[in-house]
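The file run.pdb comes next; it holds PDB, C-alpha atoms, pLDDT in the B column.
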ATOM      1  CA  MET A   1     -17.174  19.874  20.448  1.00 40.00           C
ATOM      2  CA  GLY A   2     -17.725  16.161  19.914  1.00 42.00           C
ATOM      3  CA  SER A   3     -15.621  15.638  16.778  1.00 47.00           C
ATOM      4  CA  SER A   4     -14.454  12.098  16.225  1.00 51.00           C
ATOM      5  CA  TYR A   5     -11.034  13.336  17.323  1.00 46.00           C
ATOM      6  CA  GLU A   6     -12.232  14.278  20.757  1.00 48.00           C
ATOM      7  CA  ARG A   7     -14.373  11.196  21.166  1.00 46.00           C
ATOM      8  CA  ARG A   8     -11.424   8.981  20.324  1.00 46.00           C
ATOM      9  CA  VAL A   9      -8.345  10.456  21.850  1.00 47.00           C
ATOM     10  CA  GLY A  10      -9.277  13.527  23.861  1.00 60.00           C
ATOM     11  CA  MET A  11      -6.881  16.439  24.023  1.00 78.00           C
ATOM     12  CA  LYS A  12      -3.771  14.417  24.807  1.00 87.00           C
ATOM     13  CA  LYS A  13      -0.263  14.531  23.559  1.00 93.00           C
ATOM     14  CA  ILE A  14       0.615  12.017  20.885  1.00 96.00           C
ATOM     15  CA  ASN A  15       4.116  10.531  20.955  1.00 97.00           C
ATOM     16  CA  LEU A  16       5.287   9.347  17.568  1.00 98.00           C
ATOM     17  CA  GLN A  17       7.662   6.628  18.819  1.00 97.00           C
ATOM     18  CA  GLU A  18       5.059   5.219  21.191  1.00 97.00           C
ATOM     19  CA  LYS A  19       2.469   5.085  18.426  1.00 97.00           C
ATOM     20  CA  LEU A  20       4.967   3.501  16.017  1.00 98.00           C
ATOM     21  CA  SER A  21       5.640   0.756  18.582  1.00 98.00           C
ATOM     22  CA  LEU A  22       1.986  -0.314  18.448  1.00 97.00           C
ATOM     23  CA  PHE A  23       2.063  -1.939  15.019  1.00 97.00           C
ATOM     24  CA  ASP A  24       4.411  -3.771  12.693  1.00 96.00           C
ATOM     25  CA  GLU A  25       2.507  -4.401   9.491  1.00 95.00           C
ATOM     26  CA  HIS A  26       3.406  -2.620   6.281  1.00 96.00           C
ATOM     27  CA  TRP A  27       1.163  -0.494   4.040  1.00 94.00           C
ATOM     28  CA  THR A  28      -1.636  -0.155   6.596  1.00 93.00           C
ATOM     29  CA  PRO A  29      -1.725   3.487   7.734  1.00 94.00           C
ATOM     30  CA  LYS A  30      -2.942   4.057  11.296  1.00 96.00           C
ATOM     31  CA  ILE A  31      -4.747   7.216  12.344  1.00 95.00           C
ATOM     32  CA  ILE A  32      -3.218   9.096  15.274  1.00 96.00           C
ATOM     33  CA  GLY A  33      -4.979  12.462  15.106  1.00 95.00           C
ATOM     34  CA  GLU A  34      -7.596  14.553  13.383  1.00 93.00           C
ATOM     35  CA  LEU A  35      -7.858  18.278  12.729  1.00 94.00           C
ATOM     36  CA  ASN A  36      -9.832  20.428  10.327  1.00 93.00           C
ATOM     37  CA  GLY A  37     -11.157  17.423   8.446  1.00 92.00           C
ATOM     38  CA  GLN A  38      -7.662  16.020   7.978  1.00 92.00           C
ATOM     39  CA  TYR A  39      -6.172  12.878   9.475  1.00 94.00           C
ATOM     40  CA  VAL A  40      -2.639  12.537  10.782  1.00 96.00           C
ATOM     41  CA  LYS A  41      -1.518   8.967  10.103  1.00 96.00           C
ATOM     42  CA  LEU A  42       1.539   6.804  10.640  1.00 97.00           C
ATOM     43  CA  ALA A  43       2.625   4.070   8.259  1.00 97.00           C
ATOM     44  CA  LYS A  44       5.419   1.536   8.002  1.00 98.00           C
ATOM     45  CA  ILE A  45       6.287   0.584   4.472  1.00 97.00           C
ATOM     46  CA  LYS A  46       8.708  -1.723   2.727  1.00 97.00           C
ATOM     47  CA  GLY A  47       8.807  -2.627  -0.931  1.00 96.00           C
ATOM     48  CA  GLU A  48       6.838  -1.168  -3.815  1.00 94.00           C
ATOM     49  CA  PHE A  49       3.356   0.231  -3.568  1.00 92.00           C
ATOM     50  CA  ILE A  50       1.004   0.634  -6.519  1.00 92.00           C
ATOM     51  CA  TRP A  51       0.685   3.557  -8.911  1.00 95.00           C
ATOM     52  CA  HIS A  52      -2.331   5.631  -7.892  1.00 92.00           C
ATOM     53  CA  LYS A  53      -3.586   9.170  -7.531  1.00 92.00           C
ATOM     54  CA  HIS A  54      -6.087  11.043  -5.401  1.00 91.00           C
ATOM     55  CA  ASP A  55      -8.460  13.064  -7.560  1.00 91.00           C
ATOM     56  CA  GLN A  56      -9.564  15.505  -4.864  1.00 91.00           C
ATOM     57  CA  GLU A  57      -6.892  15.439  -2.185  1.00 92.00           C
ATOM     58  CA  ASP A  58      -3.320  16.581  -1.774  1.00 94.00           C
ATOM     59  CA  GLU A  59      -1.258  14.175   0.352  1.00 94.00           C
ATOM     60  CA  LEU A  60       1.719  14.947   2.576  1.00 96.00           C
ATOM     61  CA  PHE A  61       4.497  12.444   3.333  1.00 97.00           C
ATOM     62  CA  MET A  62       7.027  13.090   6.098  1.00 98.00           C
ATOM     63  CA  ILE A  63       9.907  10.632   6.474  1.00 98.00           C
ATOM     64  CA  LEU A  64      10.420   9.751  10.146  1.00 98.00           C
ATOM     65  CA  LYS A  65      12.898   6.914   9.595  1.00 98.00           C
ATOM     66  CA  GLY A  66      14.482   5.318   6.556  1.00 98.00           C
ATOM     67  CA  SER A  67      14.114   6.515   3.010  1.00 98.00           C
ATOM     68  CA  LEU A  68      11.625   6.457   0.207  1.00 96.00           C
ATOM     69  CA  VAL A  69      11.736   6.850  -3.543  1.00 97.00           C
ATOM     70  CA  MET A  70       8.642   8.672  -4.748  1.00 95.00           C
ATOM     71  CA  GLU A  71       8.038   7.742  -8.354  1.00 94.00           C
ATOM     72  CA  LEU A  72       6.168  10.401 -10.290  1.00 93.00           C
ATOM     73  CA  PRO A  73       5.448  10.635 -14.003  1.00 89.00           C
ATOM     74  CA  GLY A  74       8.903  11.066 -15.555  1.00 86.00           C
ATOM     75  CA  GLU A  75      10.637  11.674 -12.235  1.00 89.00           C
ATOM     76  CA  LYS A  76      11.908   9.941  -9.115  1.00 92.00           C
ATOM     77  CA  VAL A  77      12.403  11.890  -5.896  1.00 94.00           C
ATOM     78  CA  VAL A  78      14.534  10.400  -3.113  1.00 96.00           C
ATOM     79  CA  LEU A  79      13.266  11.301   0.354  1.00 97.00           C
ATOM     80  CA  ASN A  80      15.224  10.770   3.558  1.00 98.00           C
ATOM     81  CA  GLU A  81      14.556  11.291   7.259  1.00 97.00           C
ATOM     82  CA  GLY A  82      13.464  14.875   7.861  1.00 97.00           C
ATOM     83  CA  ASP A  83      12.118  15.355   4.334  1.00 98.00           C
ATOM     84  CA  ILE A  84       8.538  16.272   3.506  1.00 97.00           C
ATOM     85  CA  PHE A  85       6.900  15.787   0.126  1.00 97.00           C
ATOM     86  CA  ILE A  86       3.453  16.931  -0.925  1.00 95.00           C
ATOM     87  CA  VAL A  87       1.805  15.110  -3.812  1.00 94.00           C
ATOM     88  CA  PRO A  88      -0.815  17.441  -5.302  1.00 92.00           C
ATOM     89  CA  LYS A  89      -4.232  16.035  -6.145  1.00 92.00           C
ATOM     90  CA  GLY A  90      -4.460  14.347  -9.510  1.00 92.00           C
ATOM     91  CA  VAL A  91      -0.763  13.462  -9.693  1.00 93.00           C
ATOM     92  CA  ASP A  92       0.087   9.782 -10.162  1.00 93.00           C
ATOM     93  CA  HIS A  93       2.629   8.507  -7.671  1.00 94.00           C
ATOM     94  CA  ARG A  94       4.152   5.320  -6.358  1.00 95.00           C
ATOM     95  CA  PRO A  95       6.195   5.117  -3.145  1.00 96.00           C
ATOM     96  CA  ILE A  96       9.008   2.552  -3.000  1.00 97.00           C
ATOM     97  CA  ALA A  97      11.116   1.770   0.088  1.00 98.00           C
ATOM     98  CA  GLU A  98      14.048  -0.654  -0.093  1.00 96.00           C
ATOM     99  CA  GLN A  99      14.266  -0.927   3.689  1.00 97.00           C
ATOM    100  CA  GLU A 100      11.529  -0.514   6.258  1.00 98.00           C
ATOM    101  CA  THR A 101      10.606   3.146   6.343  1.00 98.00           C
ATOM    102  CA  HIS A 102       8.361   5.031   8.765  1.00 98.00           C
ATOM    103  CA  LEU A 103       6.115   7.806   7.515  1.00 98.00           C
ATOM    104  CA  LEU A 104       3.807  10.445   8.852  1.00 98.00           C
ATOM    105  CA  LEU A 105       0.949  11.222   6.481  1.00 96.00           C
ATOM    106  CA  PHE A 106      -1.403  14.156   6.464  1.00 95.00           C
ATOM    107  CA  GLU A 107      -4.467  13.868   4.265  1.00 91.00           C
ATOM    108  CA  PRO A 108      -8.211  14.511   4.247  1.00 90.00           C
ATOM    109  CA  VAL A 109     -10.446  12.184   6.223  1.00 89.00           C
ATOM    110  CA  ALA A 110     -12.008  10.997   2.947  1.00 80.00           C
ATOM    111  CA  THR A 111      -8.724   9.795   1.417  1.00 71.00           C
ATOM    112  CA  ALA A 112      -8.340   6.120   0.480  1.00 71.00           C
ATOM    113  CA  HIS A 113      -4.630   5.321   0.599  1.00 71.00           C
ATOM    114  CA  THR A 114      -4.722   3.544  -2.754  1.00 74.00           C
ATOM    115  CA  GLY A 115      -6.507   6.524  -4.316  1.00 74.00           C
ATOM    116  CA  ASP A 116      -8.389   5.745  -7.498  1.00 75.00           C
ATOM    117  CA  VAL A 117      -7.153   2.145  -7.608  1.00 76.00           C
ATOM    118  CA  ARG A 118      -8.756  -0.711  -5.667  1.00 74.00           C
ATOM    119  CA  THR A 119      -6.483  -3.676  -5.086  1.00 73.00           C
ATOM    120  CA  ASP A 120      -5.854  -6.266  -2.409  1.00 71.00           C
ATOM    121  CA  ARG A 121      -3.649  -3.566  -0.850  1.00 71.00           C
ATOM    122  CA  THR A 122      -6.659  -1.310  -0.194  1.00 72.00           C
ATOM    123  CA  VAL A 123      -7.546  -1.088   3.508  1.00 72.00           C
ATOM    124  CA  ASP A 124     -11.054   0.319   3.847  1.00 66.00           C
ATOM    125  CA  ASP A 125     -11.384   0.813   7.555  1.00 69.00           C
ATOM    126  CA  GLN A 126      -8.233   2.504   8.635  1.00 80.00           C
ATOM    127  CA  GLU A 127      -7.676   2.055  12.324  1.00 89.00           C
ATOM    128  CA  TRP A 128      -7.074   4.592  15.088  1.00 92.00           C
ATOM    129  CA  ILE A 129      -4.207   3.736  17.396  1.00 92.00           C
TER     130      ILE A 129
ATOM    131  CA  MET B   1      -3.151  23.104 -11.089  1.00 40.00           C
ATOM    132  CA  GLY B   2      -1.982  26.607 -10.260  1.00 42.00           C
ATOM    133  CA  SER B   3      -2.543  26.606  -6.504  1.00 47.00           C
ATOM    134  CA  SER B   4      -0.340  28.984  -4.558  1.00 51.00           C
ATOM    135  CA  TYR B   5       1.580  25.900  -3.448  1.00 46.00           C
ATOM    136  CA  GLU B   6       2.601  25.004  -6.961  1.00 48.00           C
ATOM    137  CA  ARG B   7       3.330  28.556  -7.968  1.00 46.00           C
ATOM    138  CA  ARG B   8       5.600  29.023  -4.999  1.00 46.00           C
ATOM    139  CA  VAL B   9       7.505  25.833  -4.447  1.00 46.00           C
ATOM    140  CA  GLY B  10       6.648  23.381  -7.216  1.00 60.00           C
ATOM    141  CA  MET B  11       6.496  19.686  -6.449  1.00 78.00           C
ATOM    142  CA  LYS B  12       9.805  19.543  -4.629  1.00 86.00           C
ATOM    143  CA  LYS B  13      10.948  17.873  -1.492  1.00 93.00           C
ATOM    144  CA  ILE B  14      11.101  20.030   1.597  1.00 96.00           C
ATOM    145  CA  ASN B  15      13.912  19.379   4.065  1.00 97.00           C
ATOM    146  CA  LEU B  16      13.068  20.451   7.596  1.00 98.00           C
ATOM    147  CA  GLN B  17      16.640  21.148   8.730  1.00 97.00           C
ATOM    148  CA  GLU B  18      17.412  23.175   5.625  1.00 97.00           C
ATOM    149  CA  LYS B  19      14.263  25.254   6.097  1.00 97.00           C
ATOM    150  CA  LEU B  20      15.019  25.757   9.805  1.00 98.00           C
ATOM    151  CA  SER B  21      18.467  27.092   8.890  1.00 98.00           C
ATOM    152  CA  LEU B  22      16.883  29.943   6.917  1.00 97.00           C
ATOM    153  CA  PHE B  23      15.627  31.958   9.881  1.00 97.00           C
ATOM    154  CA  ASP B  24      16.457  32.708  13.494  1.00 96.00           C
ATOM    155  CA  GLU B  25      13.704  34.934  14.822  1.00 95.00           C
ATOM    156  CA  HIS B  26      11.249  33.687  17.406  1.00 96.00           C
ATOM    157  CA  TRP B  27       7.437  33.624  17.226  1.00 94.00           C
ATOM    158  CA  THR B  28       7.277  34.273  13.475  1.00 93.00           C
ATOM    159  CA  PRO B  29       6.019  31.096  11.783  1.00 94.00           C
ATOM    160  CA  LYS B  30       7.275  30.511   8.250  1.00 96.00           C
ATOM    161  CA  ILE B  31       5.240  28.669   5.634  1.00 95.00           C
ATOM    162  CA  ILE B  32       6.954  25.682   4.005  1.00 96.00           C
ATOM    163  CA  GLY B  33       4.063  23.895   2.297  1.00 95.00           C
ATOM    164  CA  GLU B  34       0.387  23.932   1.481  1.00 93.00           C
ATOM    165  CA  LEU B  35      -2.149  21.166   0.998  1.00 94.00           C
ATOM    166  CA  ASN B  36      -5.923  20.986   1.097  1.00 93.00           C
ATOM    167  CA  GLY B  37      -6.272  24.550   2.317  1.00 92.00           C
ATOM    168  CA  GLN B  38      -3.822  23.935   5.161  1.00 92.00           C
ATOM    169  CA  TYR B  39      -0.381  25.392   5.646  1.00 94.00           C
ATOM    170  CA  VAL B  40       2.635  23.506   6.978  1.00 96.00           C
ATOM    171  CA  LYS B  41       4.730  25.975   8.971  1.00 96.00           C
ATOM    172  CA  LEU B  42       7.946  26.018  10.954  1.00 97.00           C
ATOM    173  CA  ALA B  43       8.493  28.179  14.003  1.00 97.00           C
ATOM    174  CA  LYS B  44      11.265  28.824  16.492  1.00 98.00           C
ATOM    175  CA  ILE B  45      10.032  29.896  19.880  1.00 97.00           C
ATOM    176  CA  LYS B  46      11.524  30.884  23.202  1.00 97.00           C
ATOM    177  CA  GLY B  47       9.762  32.359  26.181  1.00 96.00           C
ATOM    178  CA  GLU B  48       6.065  32.826  26.792  1.00 94.00           C
ATOM    179  CA  PHE B  49       3.502  33.465  24.110  1.00 92.00           C
ATOM    180  CA  ILE B  50       0.088  35.006  24.760  1.00 92.00           C
ATOM    181  CA  TRP B  51      -3.153  33.286  25.721  1.00 95.00           C
ATOM    182  CA  HIS B  52      -5.316  32.969  22.603  1.00 92.00           C
ATOM    183  CA  LYS B  53      -7.678  30.670  20.774  1.00 92.00           C
ATOM    184  CA  HIS B  54      -8.739  30.028  17.205  1.00 91.00           C
ATOM    185  CA  ASP B  55     -12.521  30.107  16.870  1.00 91.00           C
ATOM    186  CA  GLN B  56     -12.736  28.133  13.639  1.00 91.00           C
ATOM    187  CA  GLU B  57      -9.502  26.180  13.350  1.00 92.00           C
ATOM    188  CA  ASP B  58      -7.828  23.257  15.056  1.00 94.00           C
ATOM    189  CA  GLU B  59      -4.055  23.668  15.283  1.00 94.00           C
ATOM    190  CA  LEU B  60      -1.371  20.968  15.334  1.00 96.00           C
ATOM    191  CA  PHE B  61       1.999  21.391  17.055  1.00 97.00           C
ATOM    192  CA  MET B  62       4.832  18.909  16.450  1.00 98.00           C
ATOM    193  CA  ILE B  63       8.002  19.314  18.510  1.00 98.00           C
ATOM    194  CA  LEU B  64      11.081  18.963  16.277  1.00 98.00           C
ATOM    195  CA  LYS B  65      13.633  20.083  18.868  1.00 98.00           C
ATOM    196  CA  GLY B  66      13.462  21.226  22.472  1.00 98.00           C
ATOM    197  CA  SER B  67      10.370  21.177  24.628  1.00 98.00           C
ATOM    198  CA  LEU B  68       7.235  23.145  25.166  1.00 96.00           C
ATOM    199  CA  VAL B  69       4.728  23.583  27.954  1.00 97.00           C
ATOM    200  CA  MET B  70       1.253  23.981  26.497  1.00 95.00           C
ATOM    201  CA  GLU B  71      -0.879  25.840  29.005  1.00 94.00           C
ATOM    202  CA  LEU B  72      -4.557  25.051  28.693  1.00 93.00           C
ATOM    203  CA  PRO B  73      -7.434  26.053  30.961  1.00 89.00           C
ATOM    204  CA  GLY B  74      -6.676  24.211  34.217  1.00 86.00           C
ATOM    205  CA  GLU B  75      -3.926  22.073  32.703  1.00 89.00           C
ATOM    206  CA  LYS B  76      -0.319  22.133  31.544  1.00 92.00           C
ATOM    207  CA  VAL B  77       0.948  19.597  29.043  1.00 95.00           C
ATOM    208  CA  VAL B  78       4.703  19.089  28.623  1.00 96.00           C
ATOM    209  CA  LEU B  79       5.690  18.285  25.053  1.00 97.00           C
ATOM    210  CA  ASN B  80       9.100  16.999  24.012  1.00 98.00           C
ATOM    211  CA  GLU B  81      10.767  16.133  20.713  1.00 97.00           C
ATOM    212  CA  GLY B  82       8.637  13.645  18.809  1.00 97.00           C
ATOM    213  CA  ASP B  83       5.396  14.719  20.494  1.00 98.00           C
ATOM    214  CA  ILE B  84       2.355  16.052  18.655  1.00 97.00           C
ATOM    215  CA  PHE B  85      -0.434  18.053  20.249  1.00 97.00           C
ATOM    216  CA  ILE B  86      -3.667  19.170  18.605  1.00 95.00           C
ATOM    217  CA  VAL B  87      -5.446  22.172  20.118  1.00 94.00           C
ATOM    218  CA  PRO B  88      -9.105  21.972  19.061  1.00 93.00           C
ATOM    219  CA  LYS B  89     -10.816  25.125  17.859  1.00 92.00           C
ATOM    220  CA  GLY B  90     -12.163  27.356  20.566  1.00 92.00           C
ATOM    221  CA  VAL B  91      -9.722  26.135  23.240  1.00 93.00           C
ATOM    222  CA  ASP B  92      -7.585  28.794  24.910  1.00 94.00           C
ATOM    223  CA  HIS B  93      -3.899  27.943  24.928  1.00 94.00           C
ATOM    224  CA  ARG B  94      -0.523  29.459  25.596  1.00 95.00           C
ATOM    225  CA  PRO B  95       2.775  27.859  24.532  1.00 96.00           C
ATOM    226  CA  ILE B  96       5.822  28.438  26.731  1.00 97.00           C
ATOM    227  CA  ALA B  97       9.372  27.301  25.934  1.00 98.00           C
ATOM    228  CA  GLU B  98      12.193  27.756  28.423  1.00 96.00           C
ATOM    229  CA  GLN B  99      14.846  27.071  25.814  1.00 97.00           C
ATOM    230  CA  GLU B 100      14.698  27.637  22.079  1.00 98.00           C
ATOM    231  CA  THR B 101      12.298  25.105  20.651  1.00 98.00           C
ATOM    232  CA  HIS B 102      11.547  24.238  17.026  1.00 98.00           C
ATOM    233  CA  LEU B 103       8.015  23.432  15.962  1.00 98.00           C
ATOM    234  CA  LEU B 104       6.165  22.202  12.929  1.00 98.00           C
ATOM    235  CA  LEU B 105       2.606  23.546  12.704  1.00 96.00           C
ATOM    236  CA  PHE B 106      -0.361  22.440  10.599  1.00 95.00           C
ATOM    237  CA  GLU B 107      -3.239  24.842  10.396  1.00 91.00           C
ATOM    238  CA  PRO B 108      -5.706  26.287   7.908  1.00 90.00           C
ATOM    239  CA  VAL B 109      -4.481  28.952   5.519  1.00 89.00           C
ATOM    240  CA  ALA B 110      -6.780  31.453   7.231  1.00 80.00           C
ATOM    241  CA  THR B 111      -5.263  31.011  10.694  1.00 71.00           C
ATOM    242  CA  ALA B 112      -3.676  33.989  12.447  1.00 71.00           C
ATOM    243  CA  HIS B 113      -1.088  32.643  14.882  1.00 72.00           C
ATOM    244  CA  THR B 114      -2.325  34.861  17.705  1.00 75.00           C
ATOM    245  CA  GLY B 115      -5.896  33.700  17.090  1.00 75.00           C
ATOM    246  CA  ASP B 116      -8.571  36.029  18.426  1.00 75.00           C
ATOM    247  CA  VAL B 117      -6.009  38.331  20.075  1.00 76.00           C
ATOM    248  CA  ARG B 118      -4.196  41.121  18.240  1.00 75.00           C
ATOM    249  CA  THR B 119      -0.963  42.231  19.871  1.00 74.00           C
ATOM    250  CA  ASP B 120       2.449  43.439  18.824  1.00 72.00           C
ATOM    251  CA  ARG B 121       3.244  39.734  18.488  1.00 72.00           C
ATOM    252  CA  THR B 122       0.778  39.338  15.615  1.00 73.00           C
ATOM    253  CA  VAL B 123       2.490  38.831  12.247  1.00 73.00           C
ATOM    254  CA  ASP B 124      -0.037  39.467   9.489  1.00 66.00           C
ATOM    255  CA  ASP B 125       1.863  38.466   6.397  1.00 69.00           C
ATOM    256  CA  GLN B 126       3.442  35.184   7.209  1.00 80.00           C
ATOM    257  CA  GLU B 127       6.310  34.461   4.902  1.00 89.00           C
ATOM    258  CA  TRP B 128       7.038  31.472   2.677  1.00 92.00           C
ATOM    259  CA  ILE B 129      10.569  30.149   2.934  1.00 92.00           C
TER     260      ILE B 129
END
Could I get this file's structure written as structure tokens?
Amino acid sequence: MGSSYERRVGMKKINLQEKLSLFDEHWTPKIIGELNGQYVKLAKIKGEFIWHKHDQEDELFMILKGSLVMELPGEKVVLNEGDIFIVPKGVDHRPIAEQETHLLLFEPVATAHTGDVRTDRTVDDQEWI
Amino acid sequence: MGSSYERRVGMKKINLQEKLSLFDEHWTPKIIGELNGQYVKLAKIKGEFIWHKHDQEDELFMILKGSLVMELPGEKVVLNEGDIFIVPKGVDHRPIAEQETHLLLFEPVATAHTGDVRTDRTVDDQEWI
């Protein structure tokens, strides 16, 4: 044993609403779990993010509250509560949320949330909560 | 491109309630998505499963509806809607649901849902929906 998961949180249940109550800031995903080299993260977003892609990693978005427009090359997909969307590696995307929206993300430990683009939005040391 | 994910479902949104409406049987997880060598699955369960473990794979349970008692060696963890629980590889576990309970699962493509135990509960060819 001794993965970073077990060192950090032990084998405990993780309540989504409790974890969501621990932060307010937008566009700063928080790590809530780890399995098989993948992180489970929560994020609160509002407004437009940047266009970016992840060269090596697929990324899953699950809408927990609110709604999200996922802009893709030549397409916009509207996602509401209870929807999941998987952006395959290498595909440019830009999430936009008119109102505050809560997301669960599932992506490899190595993933930077701004993908191949470094901006002032890039958070290097994503935090466990 | 050309992963089994893209061949099967394309880059489309996945609605959890719609997918849950497509099946009724218990203890037969259905695949709804794939990313980074992991499957996203839905399951409906009721009653007691078998004790088992996965030697190589961590397994994530998210409760979408209902509740679940996760039996672990020397411990029982009660999980309700909005709770996530990650069973690390190698840890024996047995899910029990008094009432029908709906789950989202994340686990590697290679994972057999009955782990190291083969019984009449084992479903070899898990189905995409």
* **Nearby residues (only C-alpha atoms) at most 8 Å from range 94-111 of chain B, same-chain spacing under 4 positions excluded, as an MDAnalysis selection string** => (chainID A and resid 36) or (chainID B and resid 37:52 54 57:72 115)
Compile the contact shell of range 15-18 of chain A as a PDB file with C-alpha atoms, in the coordinates of the input: residues with an atom at most 7 Å away, counting all atoms listed in the file, same-chain residues fewer than 5 positions apart removed.
ATOM      1  CA  GLY B  82       8.637  13.645  18.809  1.00 97.00           C
ATOM      2  CA  ASP B  83       5.396  14.719  20.494  1.00 98.00           C
ATOM      3  CA  ILE B  84       2.355  16.052  18.655  1.00 97.00           C
TER       4      ILE B  84
END
Report as a PDB file with C-alpha atoms, in the frame of the given file all protein, DNA and RNA residues lying within 10 Å of Lys53 in chain A, evaluated on only C-alpha atoms, omitting residues in the same chain fewer than 4 positions from it.
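Result file is around.pdb:
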ATOM      1  CA  GLU A  57      -6.892  15.439  -2.185  1.00 92.00           C
ATOM      2  CA  ASP A  58      -3.320  16.581  -1.774  1.00 94.00           C
ATOM      3  CA  GLU A  59      -1.258  14.175   0.352  1.00 94.00           C
ATOM      4  CA  VAL A  87       1.805  15.110  -3.812  1.00 94.00           C
ATOM      5  CA  PRO A  88      -0.815  17.441  -5.302  1.00 92.00           C
ATOM      6  CA  LYS A  89      -4.232  16.035  -6.145  1.00 92.00           C
ATOM      7  CA  GLY A  90      -4.460  14.347  -9.510  1.00 92.00           C
ATOM      8  CA  VAL A  91      -0.763  13.462  -9.693  1.00 93.00           C
ATOM      9  CA  ASP A  92       0.087   9.782 -10.162  1.00 93.00           C
ATOM     10  CA  HIS A  93       2.629   8.507  -7.671  1.00 94.00           C
ATOM     11  CA  ARG A  94       4.152   5.320  -6.358  1.00 95.00           C
ATOM     12  CA  ALA A 112      -8.340   6.120   0.480  1.00 71.00           C
ATOM     13  CA  HIS A 113      -4.630   5.321   0.599  1.00 71.00           C
ATOM     14  CA  THR A 114      -4.722   3.544  -2.754  1.00 74.00           C
ATOM     15  CA  GLY A 115      -6.507   6.524  -4.316  1.00 74.00           C
ATOM     16  CA  ASP A 116      -8.389   5.745  -7.498  1.00 75.00           C
ATOM     17  CA  VAL A 117      -7.153   2.145  -7.608  1.00 76.00           C
TER      18      VAL A 117
END
* Structure fact -> Expressed in Å, the length from CA of Ile32 in chain A to CA of Leu20 in chain A is 9.9 Å
* Which of A:Val123, A:Ile14, A:Leu22, A:Ile129 sits closest to chain B [using only C-alpha atoms] ->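 Closest to chain B, using only C-alpha atoms: A:Ile14.
Distance check against chain A using only C-alpha atoms: of B:Asp55, B:Glu81, B:Asp120, B:Glu127, the minimum falls on B:Glu81.
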* Asked: Mind pulling up the distance from CA of Trp128 in chain A to CA of Ile31 in chain A?
  ->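 CA of Trp128 in chain A lies 4.5 Å from CA of Ile31 in chain A.
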* Nearest residue to Lys13 in chain B from the set B:Gln56, B:Arg118, B:Gly33, B:Lys76 (distances using only C-alpha atoms) -> B:Gly33
* By how many Å are CA of Trp27 in chain A and CA of Arg121 in chain A apart? -> 7.5 Å
* **Residue among B:Lys12, B:Lys30, B:Glu75, B:Ser21 lying closest to chain A, counting all atoms listed in the file** =>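 Going through B:Lys12, B:Lys30, B:Glu75, B:Ser21 one by one, the smallest distance to chain A is for B:Lys12.
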Would you give the centre and edge lengths, in Å to one decimal, of a box along x, y and z around the listed atoms of range 92-108 of chain A, with 5 Å added to each side, as JSON?
{"center_x": 3.0, "center_y": 6.8, "center_z": -0.7, "size_x": 32.5, "size_y": 25.4, "size_z": 29.0}
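Distance check against chain A using all atoms listed in the file: of B:Pro29, B:Leu79, B:Lys19, B:Gln126, the minimum falls on B:Leu79.
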* **Top pick for closest residue to chain B, considering A:Glu25, A:Leu35, A:Thr119, A:Asn80 and counting only C-alpha atoms** =>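 Of the candidates, the smallest distance to chain B is held by A:Leu35.
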